[in-house]
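Participant: Input file: query.cif. Contents: mmCIF, C-alpha atoms and all ligand atoms.
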```cif
data_query
loop_
_atom_site.label_atom_id
_atom_site.label_comp_id
_atom_site.auth_asym_id
_atom_site.auth_seq_id
_atom_site.Cartn_x
_atom_site.Cartn_y
_atom_site.Cartn_z
CA MET A 196 -1.87 -12.67 -2.29
CA ASN A 197 -1.11 -9.08 -3.31
CA ILE A 198 -2.69 -6.25 -1.31
CA VAL A 199 -3.23 -2.59 -2.07
CA ILE A 200 -3.73 -0.29 0.92
CA PHE A 201 -4.68 3.31 0.45
CA GLY A 202 -6.01 6.26 2.41
CA PRO A 203 -5.15 9.89 3.02
CA PRO A 204 -1.71 10.85 4.37
CA GLY A 205 -1.70 10.10 8.09
CA ALA A 206 -4.45 7.45 7.80
CA GLY A 207 -2.14 4.81 9.25
CA LYS A 208 -1.25 2.99 6.01
CA GLY A 209 2.37 2.56 7.08
CA THR A 210 1.54 1.31 10.58
CA GLN A 211 -1.09 -1.12 9.34
CA SER A 212 1.09 -2.35 6.47
CA ASN A 213 3.88 -3.12 8.94
CA LEU A 214 1.52 -5.24 11.03
CA ILE A 215 0.10 -7.08 8.01
CA VAL A 216 3.61 -7.74 6.70
CA LYS A 217 4.59 -9.45 9.94
CA LYS A 218 1.37 -11.38 10.36
CA PHE A 219 1.03 -12.65 6.79
CA LYS A 220 4.73 -12.74 5.83
CA LEU A 221 4.40 -10.23 3.03
CA HIS A 222 6.81 -7.71 1.52
CA GLN A 223 5.91 -4.04 2.01
CA LEU A 224 6.36 -1.77 -0.94
CA SER A 225 5.97 1.83 0.22
CA THR A 226 6.61 4.22 -2.65
CA GLY A 227 6.82 7.14 -0.19
CA GLU A 228 9.52 5.32 1.83
CA LEU A 229 11.50 4.41 -1.29
CA LEU A 230 11.36 7.99 -2.52
CA ARG A 231 12.34 9.42 0.88
CA ARG A 232 15.31 7.01 0.99
CA GLU A 233 16.57 8.47 -2.29
CA ILE A 234 16.36 11.97 -0.82
CA LYS A 235 18.07 10.92 2.40
CA ASN A 236 20.91 9.27 0.49
CA ASN A 237 21.19 12.46 -1.57
CA THR A 238 21.24 10.55 -4.87
CA GLU A 239 20.87 12.41 -8.15
CA PHE A 240 17.34 11.07 -8.39
CA GLY A 241 16.67 12.14 -4.77
CA GLN A 242 17.77 15.69 -5.53
CA LYS A 243 15.38 15.82 -8.49
CA ILE A 244 12.33 14.70 -6.50
CA SER A 245 12.94 16.39 -3.13
CA THR A 246 11.18 19.67 -4.00
CA ILE A 247 8.18 17.82 -5.44
CA ILE A 248 7.79 15.69 -2.31
CA ASN A 249 8.48 18.46 0.19
CA GLN A 250 5.79 20.58 -1.41
CA GLY A 251 3.25 17.76 -1.17
CA ASN A 252 2.98 17.10 -4.91
CA LEU A 253 3.06 13.74 -6.67
CA VAL A 254 6.12 12.33 -8.43
CA SER A 255 5.47 11.34 -12.07
CA ASP A 256 3.56 8.13 -12.81
CA GLU A 257 6.45 6.88 -14.93
CA VAL A 258 9.01 7.26 -12.14
CA VAL A 259 6.93 5.42 -9.54
CA GLY A 260 5.90 2.83 -12.14
CA ASN A 261 9.57 1.96 -12.74
CA LEU A 262 10.16 1.86 -9.00
CA ILE A 263 7.41 -0.67 -8.29
CA GLU A 264 8.29 -2.84 -11.29
CA LYS A 265 11.72 -3.48 -9.74
CA HIS A 266 9.97 -5.10 -6.78
CA ILE A 267 7.17 -6.84 -8.67
CA SER A 268 9.72 -8.52 -10.96
CA ASN A 269 11.61 -9.91 -7.95
CA LYS A 270 10.68 -13.62 -7.70
CA ASP A 271 11.18 -13.59 -3.91
CA TYR A 272 8.23 -11.24 -3.56
CA LYS A 273 5.92 -12.97 -6.03
CA ASN A 274 2.33 -12.83 -4.71
CA ARG A 275 3.59 -11.46 -1.40
CA LEU A 276 3.37 -7.73 -1.97
CA ILE A 277 1.55 -5.05 -0.08
CA PHE A 278 1.43 -1.74 -1.92
CA ASP A 279 1.43 1.16 0.53
CA GLY A 280 0.89 4.54 -1.09
CA TYR A 281 0.48 3.17 -4.59
CA PRO A 282 -1.66 3.67 -6.70
CA ARG A 283 -2.31 7.40 -6.14
CA ASN A 284 -4.42 7.94 -9.28
CA LEU A 285 -6.26 5.98 -11.95
CA VAL A 286 -3.29 5.82 -14.34
CA GLN A 287 -1.20 4.24 -11.57
CA ALA A 288 -3.98 1.76 -10.75
CA MET A 289 -4.08 0.66 -14.38
CA ASN A 290 -0.28 0.57 -14.58
CA LEU A 291 -0.22 -1.64 -11.49
CA ASP A 292 -2.62 -4.13 -13.07
CA ASN A 293 -0.54 -4.21 -16.25
CA ILE A 294 2.80 -4.65 -14.48
CA LEU A 295 1.38 -7.38 -12.25
CA LYS A 296 -0.07 -9.14 -15.28
CA LYS A 297 3.34 -9.04 -16.97
CA TYR A 298 4.68 -11.09 -14.04
CA ASP A 299 1.62 -13.38 -13.86
CA GLN A 300 0.12 -11.74 -10.79
CA LYS A 301 -2.85 -9.59 -9.77
CA VAL A 302 -4.29 -7.49 -6.96
CA ASP A 303 -6.33 -9.69 -4.60
CA ILE A 304 -7.73 -7.05 -2.25
CA ALA A 305 -7.79 -3.23 -2.12
CA LEU A 306 -8.11 -1.83 1.40
CA LYS A 307 -9.31 1.73 1.81
CA LEU A 308 -8.61 3.36 5.18
CA SER A 309 -11.12 6.15 5.79
CA VAL A 310 -10.17 8.97 8.17
CA SER A 311 -11.47 12.55 8.57
CA LEU A 312 -9.34 15.62 7.83
CA GLU A 313 -9.49 16.62 11.53
CA THR A 314 -7.95 13.31 12.63
CA ILE A 315 -5.35 13.57 9.85
CA LYS A 316 -4.24 17.02 11.00
CA LYS A 317 -3.87 15.78 14.58
CA ARG A 318 -1.87 12.69 13.55
CA ILE A 319 0.39 14.58 11.18
CA ILE A 320 1.35 17.10 13.85
CA GLU A 321 2.12 14.19 16.23
CA ARG A 322 4.18 12.45 13.53
CA LYS A 323 6.10 15.63 12.74
CA ASN A 324 7.32 15.69 16.35
CA LEU A 325 8.35 12.03 16.17
CA GLU A 326 9.74 11.52 12.66
CA LYS A 327 10.60 15.05 11.54
CA ARG A 328 9.29 14.50 8.00
CA ALA A 329 9.76 17.60 5.86
CA ASP A 330 6.29 17.25 4.31
CA ASP A 331 4.49 17.01 7.70
CA SER A 332 3.22 20.53 8.37
CA GLU A 333 -0.46 21.44 8.74
CA GLN A 334 -0.48 23.41 5.52
CA ILE A 335 1.19 20.64 3.50
CA ALA A 336 -1.05 18.06 5.24
CA ILE A 337 -4.13 19.86 3.93
CA LYS A 338 -2.61 20.04 0.45
CA ARG A 339 -1.76 16.32 0.48
CA TYR A 340 -5.23 15.49 1.77
CA SER A 341 -6.89 17.45 -1.05
CA THR A 342 -4.55 15.87 -3.66
CA TYR A 343 -5.67 12.51 -2.29
CA GLU A 344 -9.38 13.48 -2.33
CA ASN A 345 -9.13 14.76 -5.91
CA ASN A 346 -7.54 11.58 -7.22
CA ILE A 347 -9.15 8.89 -5.14
CA LYS A 348 -12.66 8.61 -6.61
CA PRO A 349 -11.60 6.92 -9.89
CA ILE A 350 -9.40 4.49 -7.93
CA ILE A 351 -12.33 3.56 -5.70
CA ASP A 352 -14.54 3.00 -8.75
CA PHE A 353 -11.77 0.99 -10.43
CA TYR A 354 -11.47 -1.47 -7.53
CA LYS A 355 -15.22 -1.51 -6.88
CA LYS A 356 -15.81 -2.61 -10.46
CA SER A 357 -13.54 -5.61 -10.03
CA ASP A 358 -15.09 -6.30 -6.60
CA LEU A 359 -11.77 -5.93 -4.78
CA LEU A 360 -12.56 -2.90 -2.61
CA LYS A 361 -12.90 -3.25 1.17
CA GLU A 362 -13.41 -0.13 3.24
CA VAL A 363 -12.01 0.04 6.77
CA ASN A 364 -12.78 2.76 9.34
CA GLY A 365 -9.36 4.17 10.16
CA GLU A 366 -10.49 6.20 13.20
CA GLY A 367 -10.20 3.44 15.81
CA SER A 368 -7.16 2.15 17.73
CA VAL A 369 -4.25 0.52 15.89
CA THR A 370 -5.30 -2.91 17.22
CA GLN A 371 -8.97 -2.49 16.32
CA ILE A 372 -8.09 -1.50 12.75
CA SER A 373 -5.50 -4.24 12.44
CA ASP A 374 -7.98 -6.91 13.64
CA LYS A 375 -10.52 -5.73 11.09
CA ILE A 376 -7.94 -5.84 8.27
CA SER A 377 -6.67 -9.27 9.32
CA GLY A 378 -10.25 -10.58 9.23
CA LEU A 379 -10.72 -9.27 5.71
CA ILE A 380 -7.44 -10.81 4.51
CA ASP A 381 -8.27 -14.14 6.13
CA GLY A 382 -11.63 -14.03 4.37
CA ILE A 383 -10.00 -13.49 0.99
CA LYS A 384 -7.50 -16.27 1.60
CA GLY A 385 -10.28 -18.68 2.53
CA TRP A 386 -12.10 -17.73 -0.63
CA LEU A 387 -9.02 -18.14 -2.84
CA TYR A 388 -8.54 -21.55 -1.33
CA LYS A 389 -12.15 -22.50 -2.00
CA ILE A 390 -11.97 -21.57 -5.67
CA GLY A 391 -8.82 -23.63 -6.04
CA GLN A 392 -6.09 -21.01 -6.24
CA TYR A 393 -3.82 -23.07 -4.02
CA LYS A 394 -0.75 -21.07 -4.87
CA TYR A 395 -2.23 -18.16 -2.87
CA ALA A 396 -3.86 -20.29 -0.22
CA LYS A 397 -0.62 -22.00 0.76
CA TYR A 398 0.46 -18.82 2.60
CA LYS A 399 -2.50 -19.32 4.92
CA PHE A 400 -0.92 -22.50 6.17
CA ILE A 401 2.70 -21.51 6.03
CA ASN A 402 2.92 -21.23 9.83
CA TYR A 403 1.28 -24.58 10.42
CA GLY A 404 4.22 -26.82 9.62
CA SER A 405 5.65 -28.62 6.66
CA TYR A 406 2.92 -31.26 6.37
CA ARG A 407 0.25 -28.74 5.49
CA ARG A 408 2.62 -26.63 3.47
CA ASN A 409 3.50 -29.59 1.29
CA LYS A 410 -0.07 -30.77 1.07
CA TYR A 411 -1.38 -27.47 -0.24
CA SER A 412 1.64 -26.32 -2.17
CA THR A 413 1.39 -26.16 -5.95
CA LYS A 414 4.91 -27.52 -6.28
P1 LIG B 501 3.57 8.78 1.53
O1 LIG B 501 4.68 8.34 2.42
O2 LIG B 501 2.87 7.63 0.87
O3 LIG B 501 2.64 9.73 2.21
O4 LIG B 501 4.26 9.59 0.32
C1 LIG B 501 5.02 10.75 0.55
C2 LIG B 501 5.18 11.53 -0.75
O5 LIG B 501 5.90 10.73 -1.71
C3 LIG B 501 3.90 11.90 -1.45
O6 LIG B 501 3.30 13.10 -0.93
C4 LIG B 501 4.38 12.07 -2.90
O7 LIG B 501 5.08 13.30 -3.06
C5 LIG B 501 5.38 10.93 -3.03
N1 LIG B 501 4.73 9.67 -3.47
C6 LIG B 501 4.56 8.54 -2.74
N2 LIG B 501 3.91 7.61 -3.43
C7 LIG B 501 3.65 8.15 -4.64
C8 LIG B 501 2.97 7.70 -5.80
N3 LIG B 501 2.42 6.47 -5.85
N4 LIG B 501 2.90 8.52 -6.87
C9 LIG B 501 3.46 9.76 -6.84
N5 LIG B 501 4.08 10.27 -5.77
C10 LIG B 501 4.19 9.49 -4.67
#
```
I'd like the structure from this file rewritten - as C-alpha cells, please.
Ligand code: AMP

Facilitator:
Amino acid sequence: MNIVIFGPPGAGKGTQSNLIVKKFKLHQLSTGELLRREIKNNTEFGQKISTIINQGNLVSDEVVGNLIEKHISNKDYKNRLIFDGYPRNLVQAMNLDNILKKYDQKVDIALKLSVSLETIKKRIIERKNLEKRADDSEQIAIKRYSTYENNIKPIIDFYKKSDLLKEVNGEGSVTQISDKISGLIDGIKGWLYKIGQYKYAKYKFINYGSYRRNKYSTK
C-alpha cells in the first residue's frame, strides 16, 4: 500500500504521516524533510537549493524526481511508502506514477487535507516558534499557500480520475483527523484484500501473528 498525502503548508501532513507510519508500519518519504536535511548538512546540493526553499519556491521536478526514485527503488520500502509533500504539481504526479510503475508499484490512495488560509497562518506562526524553520514567516506562508493553490487543481483531477482521491477535513484535532485517515486506509486495505491483491493485504494482518501473516502472504 502506497499513500500520497497532500495539503497546503501547515495542514498537518507531517504530523499525520508520522502517525500513519507508526500505525501501518510504512516508510515516510517527505521531500521537504530530505531537502531541508541537505541544507542543514551544508552539502553542495543544499547550498544550491537553500535560496529556493527559503523564498517559498519549488525545487525543480527533476531534482525531486531523482530524490524519490532513490527511495522507491529500495526493496525494503516496496509498497510501504507514504509520500508527504510530493507530488506538488501535475508533472510530479505523472512522474510518480511512472517511477512507481518502473518498480512494479502504484499509488493506492491519495489523501487531501483541506485547511483554510486563516488556520494555516496560525499554525505556521506556532511552528516557527517551535521549529525555527526559515520558510515559516507569515509572508512566506501566504506565498507557499498560493503556490499550492495554483498547482493543486490538476493533481486533484488526476487522482479523482483514477478514483484514488479521499478528502479529509484538516481543521479538527490531531486525533480526530488521524482516526478519519486510519478509517480510510483500513477501508482501502479491506478492498485490496477483497479483490485478491494479497501482497498489499498482508500488511493488514502483520500485527496479528505469524499464522495469519503466513496464510495471507504471497510468498
Ligand atoms: P514542505 O516541508 O513539504 O512544506 O516543503 C518545504 C519546501 O521544500 C517547499 O516549500 C519547497 O521549496 C520544497 N519542496 C518540498 N517538496 C517539494 C516538491 N515535491 N517539489 C518541489 N519542491 C519541494

Participant: Please determine, counting all atoms listed in the file, which residue among A:Ile267, A:Met196, A:Ile335, A:Leu214 has the shortest atom-to-atom distance to ligand LIG 501 (chain B).

Facilitator: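 Closest candidate: A:Ile335.
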
Participant: Between A:Gln250, A:Lys297, A:Thr210, A:Ala305, which one has atoms that come closest to A:Ile337, using only C-alpha atoms?

Facilitator: A:Gln250

Participant: Which one is closest to A:Lys270: A:Asp299, A:Thr370, A:Thr238, A:Ala336? Count only C-alpha atoms.

Facilitator: A:Asp299

Participant: To one decimal in Å, tell me the separation between atom CA of A:Tyr272 and atom CA of A:His222.

Facilitator: 6.3 Å

Participant: Check the smallest atom-to-atom distance from each of A:Tyr343, A:Phe353, A:Tyr281, A:Phe240 to ligand LIG 501 (chain B) using only C-alpha atoms and all ligand atoms, then report the winner.

Facilitator: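 Once distances to ligand LIG 501 (chain B) are computed over only C-alpha atoms and all ligand atoms, the minimum belongs to A:Tyr281.
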
Participant: Leaving out A:Ile347 and any residue of its chain fewer than 6 positions from it, which residues lie within 12 Å of it when counting all atoms listed in the file, given as a list in words?

Facilitator: Phe201, Gly202, Pro203, Gly280, Tyr281, Pro282, Arg283, Asn284, Leu285, Val286, Gln287, Ala288, Lys307, Leu308, Ser309, Arg339, Tyr340, Ser341, Phe353 and Tyr354 of chain A

Participant: Using only C-alpha atoms, which of the listed residues (A:Asp330, A:Ile215, A:Ile294, A:Lys301) sits closest to A:Ile376?

Facilitator: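 Among the listed residues, A:Ile215 lies closest to A:Ile376.
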
Participant: Which one of A:Lys218, A:Ile350, A:Asn269, A:Val259 sits closest to A:Gly378 if you count all atoms listed in the file?

Facilitator: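 So, comparing all the options, the nearest one is A:Lys218.
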
Participant: Could you give me the axis-aligned bounding box of ligand LIG 501 (chain B), with 8 Å of padding per side, as centre plus edge lengths in Å to one decimal, as JSON?

Facilitator:
```
{"center_x": 4.2, "center_y": 9.9, "center_z": -2.2, "size_x": 19.5, "size_y": 22.8, "size_z": 25.3}
```

Participant: Would you mind putting back N, CA and C atoms on stretch 325-353 of chain A, then writing it out as a CSV table (one decimal), keeping the file's coordinate frame?

Facilitator:
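Output file result_31.csv follows:
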```
chain,number,residue,atom,x,y,z
A,325,LEU,N,7.6,13.3,16.0
A,325,LEU,CA,8.4,12.0,16.2
A,325,LEU,C,9.4,11.8,15.1
A,326,GLU,N,8.9,11.9,13.8
A,326,GLU,CA,9.7,11.5,12.7
A,326,GLU,C,10.4,12.7,11.9
A,327,LYS,N,10.0,13.9,12.2
A,327,LYS,CA,10.6,15.0,11.5
A,327,LYS,C,10.6,14.9,10.0
A,328,ARG,N,9.4,14.5,9.5
A,328,ARG,CA,9.3,14.5,8.0
A,328,ARG,C,9.1,15.9,7.5
A,329,ALA,N,9.8,16.2,6.4
A,329,ALA,CA,9.8,17.6,5.9
A,329,ALA,C,8.4,18.0,5.3
A,330,ASP,N,7.6,16.9,4.9
A,330,ASP,CA,6.3,17.2,4.3
A,330,ASP,C,5.2,17.2,5.4
A,331,ASP,N,5.5,17.1,6.6
A,331,ASP,CA,4.5,17.0,7.7
A,331,ASP,C,4.3,18.4,8.4
A,332,SER,N,3.7,19.3,7.7
A,332,SER,CA,3.2,20.5,8.4
A,332,SER,C,1.7,20.6,8.1
A,333,GLU,N,1.0,21.4,8.9
A,333,GLU,CA,-0.5,21.4,8.7
A,333,GLU,C,-0.9,21.9,7.3
A,334,GLN,N,-0.1,22.9,6.8
A,334,GLN,CA,-0.5,23.4,5.5
A,334,GLN,C,-0.3,22.3,4.4
A,335,ILE,N,0.9,21.7,4.5
A,335,ILE,CA,1.2,20.6,3.5
A,335,ILE,C,0.2,19.5,3.7
A,336,ALA,N,-0.1,19.2,5.0
A,336,ALA,CA,-1.0,18.1,5.2
A,336,ALA,C,-2.4,18.3,4.5
A,337,ILE,N,-2.9,19.5,4.6
A,337,ILE,CA,-4.1,19.9,3.9
A,337,ILE,C,-4.0,19.7,2.4
A,338,LYS,N,-2.9,20.1,1.9
A,338,LYS,CA,-2.6,20.0,0.4
A,338,LYS,C,-2.6,18.6,0.0
A,339,ARG,N,-1.9,17.7,0.8
A,339,ARG,CA,-1.8,16.3,0.5
A,339,ARG,C,-3.1,15.6,0.6
A,340,TYR,N,-3.9,16.1,1.6
A,340,TYR,CA,-5.2,15.5,1.8
A,340,TYR,C,-6.1,15.8,0.5
A,341,SER,N,-6.0,17.1,0.1
A,341,SER,CA,-6.9,17.4,-1.0
A,341,SER,C,-6.4,16.8,-2.3
A,342,THR,N,-5.1,16.6,-2.5
A,342,THR,CA,-4.6,15.9,-3.7
A,342,THR,C,-5.1,14.5,-3.6
A,343,TYR,N,-5.1,13.9,-2.4
A,343,TYR,CA,-5.7,12.5,-2.3
A,343,TYR,C,-7.2,12.5,-2.7
A,344,GLU,N,-7.9,13.4,-2.1
A,344,GLU,CA,-9.4,13.5,-2.3
A,344,GLU,C,-9.7,13.7,-3.8
A,345,ASN,N,-8.9,14.5,-4.5
A,345,ASN,CA,-9.1,14.8,-5.9
A,345,ASN,C,-8.9,13.6,-6.8
A,346,ASN,N,-7.9,12.7,-6.4
A,346,ASN,CA,-7.5,11.6,-7.2
A,346,ASN,C,-8.2,10.2,-6.9
A,347,ILE,N,-8.8,10.2,-5.7
A,347,ILE,CA,-9.2,8.9,-5.1
A,347,ILE,C,-10.4,8.3,-5.8
A,348,LYS,N,-11.4,9.1,-6.1
A,348,LYS,CA,-12.7,8.6,-6.6
A,348,LYS,C,-12.5,7.6,-7.7
A,349,PRO,N,-11.7,7.9,-8.8
A,349,PRO,CA,-11.6,6.9,-9.9
A,349,PRO,C,-10.9,5.6,-9.4
A,350,ILE,N,-10.1,5.7,-8.4
A,350,ILE,CA,-9.4,4.5,-7.9
A,350,ILE,C,-10.4,3.6,-7.2
A,351,ILE,N,-11.3,4.3,-6.4
A,351,ILE,CA,-12.3,3.6,-5.7
A,351,ILE,C,-13.2,2.8,-6.7
A,352,ASP,N,-13.7,3.6,-7.7
A,352,ASP,CA,-14.5,3.0,-8.8
A,352,ASP,C,-13.9,1.8,-9.5
A,353,PHE,N,-12.6,2.0,-9.7
A,353,PHE,CA,-11.8,1.0,-10.4
A,353,PHE,C,-11.8,-0.3,-9.6
```
